[in-house]
Amino acid sequence: MFSGIVEEMATVVAVQKEQENIHFTLKCSFVDQLTIDQSIAHNGVCLTVVDLKDGTYTVTAMKETLERSNLGKLQVGDKVNVERSMIMNGRLDGHIVQGHVDQTAKCIKLEDAGGSTYFTFEYPFDKKMAERGYFTVDKGSITVNGVSLTVVNPTENTFTVAIIPYTRENTNFCNIHEGSIVNIEFDILGKYIARLQSLK
């Protein structure tokens, strides 16, 4: 379980394909605090540490994960938003994030917001998925590349988020432009409510 508050950007130092899996080796400031089997969110995707070596750690993404996320596009040198799992005796500064990315979205617009920046994203609309809670609501929560954000101006298949300078500088939002593909996780609370409604 995560909060959507990114700790830092890790750097991809190696990418190795093995059958349908891809092993990603990364470097970040807290590698020496990691253990094998630990869960870390990478652009919002929960992955397990499988190896630690020479100041780096390795995680493995399987076919399902690669199909639902942007991880398959990662190359050596890319920056990835990372967050270790929540400690349950602290404040929940973002929202409840599972690290189970639902799908990808495409950035279709950037707009100045007087010092901050509005990013608008578009995703394929699927009525059956929307009925199961895969949609956005005004002032609701959304996770974009692992960052907990508040939705503004949602439509059937788009939503906008406002990014303050700090977030843009300290996450890989600094590299997002029109056409960029990002990972999104819809709010789990919305999914439970939608599921409950469907059982009535």
# chains A, B, ... in the order shown; residues from 1 in each chain; ligands from 1
>>> residues_around(residues="A:Ser69", least_positions_apart="3", cutoff="9 Å", atoms="only C-alpha atoms", output="JSON, numbers by chain")
{"A": [43, 45, 64, 65, 66, 72, 73, 101, 102, 103, 104, 181, 182, 183, 184]}
>>> write_last_selection(atoms="C-alpha atoms", output="PDB file, in the first residue's frame")
ATOM      1  CA  ASN A  43       5.701   5.189 -11.719  1.00  0.00           C
ATOM      2  CA  VAL A  45       3.462   0.183 -10.252  1.00  0.00           C
ATOM      3  CA  GLU A  64       0.414  -8.213 -17.622  1.00  0.00           C
ATOM      4  CA  THR A  65       2.192  -5.312 -15.911  1.00  0.00           C
ATOM      5  CA  LEU A  66       3.976  -4.293 -19.106  1.00  0.00           C
ATOM      6  CA  GLY A  72       7.918  -1.386 -21.145  1.00  0.00           C
ATOM      7  CA  LYS A  73       8.993   1.943 -22.671  1.00  0.00           C
ATOM      8  CA  VAL A 101      -1.952   0.511 -12.291  1.00  0.00           C
ATOM      9  CA  ASP A 102      -5.227   0.269 -14.214  1.00  0.00           C
ATOM     10  CA  GLN A 103      -4.115   1.556 -17.606  1.00  0.00           C
ATOM     11  CA  THR A 104      -2.137   4.248 -19.374  1.00  0.00           C
ATOM     12  CA  ILE A 181       2.314   8.116 -21.933  1.00  0.00           C
ATOM     13  CA  VAL A 182       1.706   7.873 -18.173  1.00  0.00           C
ATOM     14  CA  ASN A 183       0.383   5.254 -15.773  1.00  0.00           C
ATOM     15  CA  ILE A 184      -2.927   5.899 -14.027  1.00  0.00           C
TER      16      ILE A 184
END
>>> residues_around(residues="A:Asp78", least_positions_apart="6", cutoff="9 Å", atoms="only C-alpha atoms", output="VMD selection string")
chain A and resid 10 to 13
>>> residues_around(residues="A:His177", least_positions_apart="5", cutoff="12 Å", atoms="only C-alpha atoms", output="compact mmCIF listing (two decimals) with all heavy atoms, in the first residue's frame")
# COMPACT_ATOMS: atom_id res chain seq x y z
N LYS A 106 -2.61 9.39 -22.14
CA LYS A 106 -1.71 10.23 -22.94
C LYS A 106 -1.90 11.69 -22.57
O LYS A 106 -3.02 12.17 -22.44
CB LYS A 106 -1.98 10.04 -24.44
CG LYS A 106 -1.06 10.86 -25.32
CD LYS A 106 -1.15 10.44 -26.78
CE LYS A 106 -2.45 10.89 -27.41
NZ LYS A 106 -2.47 10.67 -28.87
N CYS A 107 -0.79 12.39 -22.38
CA CYS A 107 -0.85 13.83 -22.12
C CYS A 107 -1.24 14.53 -23.42
O CYS A 107 -0.57 14.36 -24.45
CB CYS A 107 0.49 14.34 -21.62
SG CYS A 107 0.50 16.12 -21.26
N ILE A 108 -2.32 15.29 -23.38
CA ILE A 108 -2.78 15.96 -24.60
C ILE A 108 -2.68 17.49 -24.52
O ILE A 108 -2.83 18.16 -25.52
CB ILE A 108 -4.23 15.57 -24.94
CG1 ILE A 108 -5.20 15.92 -23.80
CG2 ILE A 108 -4.32 14.09 -25.30
CD1 ILE A 108 -6.67 15.74 -24.16
N LYS A 109 -2.36 18.01 -23.32
CA LYS A 109 -2.29 19.47 -23.21
C LYS A 109 -1.55 19.90 -21.95
O LYS A 109 -1.71 19.30 -20.89
CB LYS A 109 -3.71 20.06 -23.19
CG LYS A 109 -3.77 21.57 -23.19
CD LYS A 109 -5.23 22.04 -23.20
CE LYS A 109 -5.35 23.55 -23.20
NZ LYS A 109 -6.76 24.00 -23.14
N LEU A 110 -0.71 20.92 -22.07
CA LEU A 110 -0.09 21.60 -20.94
C LEU A 110 -0.50 23.06 -21.01
O LEU A 110 -0.52 23.65 -22.08
CB LEU A 110 1.44 21.51 -21.00
CG LEU A 110 2.12 20.25 -20.48
CD1 LEU A 110 1.93 19.10 -21.47
CD2 LEU A 110 3.59 20.49 -20.24
N GLU A 111 -0.83 23.62 -19.85
CA GLU A 111 -1.30 25.00 -19.82
C GLU A 111 -0.76 25.70 -18.58
O GLU A 111 -0.80 25.14 -17.47
CB GLU A 111 -2.84 25.02 -19.81
CG GLU A 111 -3.47 26.38 -19.86
CD GLU A 111 -4.99 26.30 -19.83
OE1 GLU A 111 -5.54 25.19 -19.76
OE2 GLU A 111 -5.61 27.37 -19.86
N THR A 117 1.32 24.37 -13.39
CA THR A 117 1.00 23.92 -14.74
C THR A 117 -0.17 22.95 -14.70
O THR A 117 -0.21 22.03 -13.87
CB THR A 117 2.21 23.19 -15.39
OG1 THR A 117 3.36 24.02 -15.29
CG2 THR A 117 1.93 22.87 -16.86
N TYR A 118 -1.14 23.16 -15.61
CA TYR A 118 -2.23 22.20 -15.79
C TYR A 118 -1.81 21.17 -16.84
O TYR A 118 -1.38 21.53 -17.93
CB TYR A 118 -3.51 22.89 -16.28
CG TYR A 118 -4.21 23.71 -15.23
CD1 TYR A 118 -4.43 25.07 -15.42
CD2 TYR A 118 -4.70 23.12 -14.06
CE1 TYR A 118 -5.10 25.83 -14.48
CE2 TYR A 118 -5.36 23.88 -13.10
CZ TYR A 118 -5.56 25.22 -13.32
OH TYR A 118 -6.22 25.98 -12.37
N PHE A 119 -1.92 19.89 -16.47
CA PHE A 119 -1.68 18.79 -17.41
C PHE A 119 -3.02 18.10 -17.66
O PHE A 119 -3.70 17.72 -16.71
CB PHE A 119 -0.72 17.76 -16.81
CG PHE A 119 0.71 18.20 -16.72
CD1 PHE A 119 1.13 19.09 -15.74
CD2 PHE A 119 1.66 17.70 -17.61
CE1 PHE A 119 2.46 19.48 -15.64
CE2 PHE A 119 3.00 18.08 -17.52
CZ PHE A 119 3.39 18.98 -16.54
N THR A 120 -3.38 17.94 -18.92
CA THR A 120 -4.60 17.21 -19.27
C THR A 120 -4.23 15.88 -19.92
O THR A 120 -3.36 15.83 -20.79
CB THR A 120 -5.48 18.04 -20.22
OG1 THR A 120 -5.85 19.27 -19.57
CG2 THR A 120 -6.77 17.29 -20.58
N PHE A 121 -4.90 14.83 -19.44
CA PHE A 121 -4.62 13.48 -19.93
C PHE A 121 -5.88 12.86 -20.52
O PHE A 121 -6.99 13.12 -20.05
CB PHE A 121 -4.11 12.60 -18.78
CG PHE A 121 -2.81 13.06 -18.21
CD1 PHE A 121 -2.78 13.87 -17.07
CD2 PHE A 121 -1.61 12.71 -18.80
CE1 PHE A 121 -1.58 14.30 -16.54
CE2 PHE A 121 -0.40 13.13 -18.27
CZ PHE A 121 -0.38 13.93 -17.14
N ARG A 168 6.72 19.31 -10.01
CA ARG A 168 7.27 19.19 -11.37
C ARG A 168 8.79 19.00 -11.34
O ARG A 168 9.35 18.25 -12.13
CB ARG A 168 6.91 20.42 -12.19
CG ARG A 168 7.19 20.23 -13.68
CD ARG A 168 6.54 21.27 -14.54
NE ARG A 168 6.75 21.00 -15.96
CZ ARG A 168 6.31 21.75 -16.93
NH1 ARG A 168 5.59 22.84 -16.67
NH2 ARG A 168 6.56 21.44 -18.20
N ASN A 172 9.00 12.84 -12.18
CA ASN A 172 9.23 12.84 -13.63
C ASN A 172 8.16 13.59 -14.41
O ASN A 172 8.12 13.52 -15.64
CB ASN A 172 9.49 11.43 -14.19
CG ASN A 172 8.34 10.47 -13.98
OD1 ASN A 172 7.21 10.86 -13.72
ND2 ASN A 172 8.65 9.18 -14.10
N VAL A 182 1.55 7.99 -19.62
CA VAL A 182 1.71 7.87 -18.17
C VAL A 182 0.85 6.72 -17.65
O VAL A 182 -0.09 6.27 -18.31
CB VAL A 182 1.32 9.18 -17.45
CG1 VAL A 182 2.21 10.33 -17.89
CG2 VAL A 182 -0.16 9.51 -17.67
>>> residues_around(residues="stretch 18-27 of chain A", least_positions_apart="2", cutoff="12 Å", atoms="only C-alpha atoms", output="VMD selection string")
chain A and resid 8 to 16 29 to 32 34 40 42 47 to 67 71 to 82
>>> closest_residue(among="A:Leu92, A:Ala130, A:Ile36, A:Ile164", to="A:Ile193", atoms="only C-alpha atoms")
A:Ala130
>>> residues_around(residues="A:Phe125", least_positions_apart="5", cutoff="12 Å", atoms="only C-alpha atoms", output="list in words")
Gln103, Thr104, Ala105, Ala130, Glu131, Gly133, Tyr134, Phe135, Thr136, Thr155, Glu156, Asn157, Thr158 and Phe159 of chain A
>>> select_by_dssp(residues="stretch 34-98 of chain A", states="strand (DSSP E)", output="ChimeraX atom specification")
/A:39-42,45-53,56-61,79-84
>>> closest_residue(among="A:Ser85, A:Ser3, A:Asn70, A:Ser116", to="A:Tyr166", atoms="only C-alpha atoms")
A:Ser116
>>> residues_around(residues="A:Met86", least_positions_apart="4", cutoff="10 Å", atoms="only C-alpha atoms", output="ChimeraX atom specification")
/A:1-5,39-40,90-92,96-97
>>> closest_residue(among="A:Asn89, A:Ile163, A:Gln33, A:Ser148", to="A:Gly114", atoms="only C-alpha atoms")
A:Ile163
>>> atom_distance(atom1="atom CA of A:Thr143", atom2="atom CA of A:Lys17")
27.1 Å
>>> closest_residue(among="A:Gln38, A:Ile176, A:His95, A:Gly115", to="A:Val147", atoms="only C-alpha atoms")
A:His95
>>> select_by_dssp(residues="stretch 30-163 of chain A", states="alpha helix (DSSP H)", output="list in words")
Lys63, Glu64, Thr65, Leu66, Glu67, Arg68, Lys127, Lys128, Met129, Ala130 and Glu131 of chain A
